[in-house]
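Notes for the one structure printed next.
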Protein chains: 2
Amino acid sequence: MEKSTEEKILAAAKNVFVTKGMAGARMQDIADEAGINKALLHYYFRNKEKLFEVIFMDAAQKLFPKINSIFESDAPLFEKIENFCEEYITVMSENPYLPLFVLNEISKDSEMFLGKFLNKQQFPLPQKFLEQVEKEIRKGTIKKISPLHLLINLISMSIFPFVGKPMIQFV
Amino acid sequence: MEKSTEEKILAAAKNVFVTKGMAGARMQDIADEAGINKALLHYYFRNKEKLFEVIFMDAAQKLFPKINSIFESDAPLFEKIENFCEEYITVMSENPYLPLFVLNEISKDSEMFLGKFLNKQQFPLPQKFLEQVEKEIRKGTIKKISPLHLLINLISMSIFPFVGKPMIQFV
DNA sequence: ACATTTGTTAACCAAATGGTTAAATTAAAT
DNA sequence: ATTTAATTTAACCATTTGGTTAACAAATGT
């Protein structure tokens, strides 16, 4: 069974946008890669911005979502951390290009991100995680460290290898 | 004393390229921001690619260079790590936009990176650092861990906060 | 003083690019 | 079978964009 035209477009658009970015992507490239006419592209998605929004939202959803459920769970701290890293690295391995793409587009146009993302998708609030770390610190189970720093370090070590891959590959 | 035209161009170009990327940057924007005519821009730098190369090389130089001297030094391991993090974070704080810019442009056109960078600038080889870690592991001073992983984690925690800033700011 | 080189500008050009139109073809509904 | 609606295409259009030209002004050398 062949993919529908819309599916072909979405696959092609994802490919082009993710590798070239919003600014570098050409509608003609997307049409070519989808094997269709450029006008047909505009028939399905009114313009470049609309098409980009679909791709970006989909990508952003993949980058942020599962964190929340892990943070919200009632598992003990270390288990939570393990789950978080494992889960995250698995998802990113399947889409290694996503983090750089999303991060880059957010930084290039953070307005867009606020507008399109914040209202539709509730952000993962790490409140519970932070409190849990503080509790463990008071109990003396773990070293004294800023909970937020710990969280950022965890995220850094999970995501950066994918963002910095082209650079790391040299070393 | 006023800046020379060339300096004005370089400052403007850095600004525009770093915030919009190669693909998103417009020669007209750079000319405007430098307060000059577009033709004058091409008089100083033949074309967009040449101008970009100057800016990119300068940025890349800032991102990679000092690591080498730290890795090559004969300081003991922990001191080395401390120096590395401190140095790196200082440099990045002064140019917080550099990492995302450089990483992104490398991933968008790694050919260019290989061609223009590899021959002019010798890459920091962490060979010595890795051996040092192995030695400490054999001595039993530190836990058994892949030296390369340790290195990547260090770099991740140093750089990622700057790359992911727009995302982290939400949380 | 005069010629030559260097710096600067406005006007222009061709190619690329996002987007539209109108016609043609196919699928669905009556 | 015929009308209607949904797809698809080729040709076209306006704007943007990187880059050039030719003329003009300012230094610089003689």
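FYI, nothing fancy with the structure tokens labels: chains A, B, ... in order, residues from 1 per chain, ligands from 1 as they appear.
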
Starting from chain C, keep only residues with some atom at most 9 Å from an atom of chain B, counting only C-alpha atoms (C1' of nucleotides), and report them as a PyMOL selection string. chain C and resi 7-9

Any chance you could export the current selection's C-alpha atoms (C1' of nucleotides) as a tab-separated table (two decimals), in the first residue's frame?
chain	number	residue	atom	x	y	z
C	7	DG	C1'	36.52	53.84	-0.56
C	8	DT	C1'	31.55	54.59	-1.26
C	9	DT	C1'	27.09	55.05	-3.44

Can you work out which residues from chain D touch chain A at a cut-off of 10 Å (counting only C-alpha atoms (C1' of nucleotides)) and hand them back as a ChimeraX atom specification? /D:7-10

Kindly save the residues from that selection, with C-alpha atoms (C1' of nucleotides) included, as an mmCIF file, in the first residue's frame.
data_model
loop_
_atom_site.group_PDB
_atom_site.id
_atom_site.type_symbol
_atom_site.label_atom_id
_atom_site.label_comp_id
_atom_site.auth_asym_id
_atom_site.auth_seq_id
_atom_site.Cartn_x
_atom_site.Cartn_y
_atom_site.Cartn_z
ATOM 1 C "C1'" DT D 7 -6.587 16.170 -6.875
ATOM 2 C "C1'" DT D 8 -2.913 17.328 -9.746
ATOM 3 C "C1'" DT D 9 -0.379 19.868 -13.127
ATOM 4 C "C1'" DA D 10 2.004 23.457 -16.093
#

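Around DG18 (chain C), within 9 Å and counting only C-alpha atoms (C1' of nucleotides), the residues found are A:Arg26, A:Met27, A:Asn47, A:Lys48, D:DT15, once anything fewer than 4 positions away on its own chain is removed.
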
File dump, residues just selected, C-alpha atoms (C1' of nucleotides), as an mmCIF file, in the first residue's frame:
data_model
loop_
_atom_site.group_PDB
_atom_site.id
_atom_site.type_symbol
_atom_site.label_atom_id
_atom_site.label_comp_id
_atom_site.auth_asym_id
_atom_site.auth_seq_id
_atom_site.Cartn_x
_atom_site.Cartn_y
_atom_site.Cartn_z
ATOM 1 C CA ARG A 26 13.020 25.298 -0.099
ATOM 2 C CA MET A 27 9.424 24.471 -0.956
ATOM 3 C CA ASN A 47 2.210 28.099 2.937
ATOM 4 C CA LYS A 48 5.696 27.390 4.184
ATOM 5 C "C1'" DT D 15 9.166 39.801 -4.395
#

Using only C-alpha atoms, find which residues of chain A lie within 9 Å of chain B and jot them down as a PyMOL selection string. chain A and resi 19-25+100-101+103-104+106-108+110+123-126+152-161+163-168+170-171

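The protein and nucleic acid residues lying at most 12 Å from DT3 (chain D) are DA28, DA29 and DT30 of chain C, with only C-alpha atoms (C1' of nucleotides) considered and sequence neighbours fewer than 4 positions away removed.
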
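Note that CA of Leu63 (chain B) and CA of Met92 (chain B) are 7.9 Å apart.
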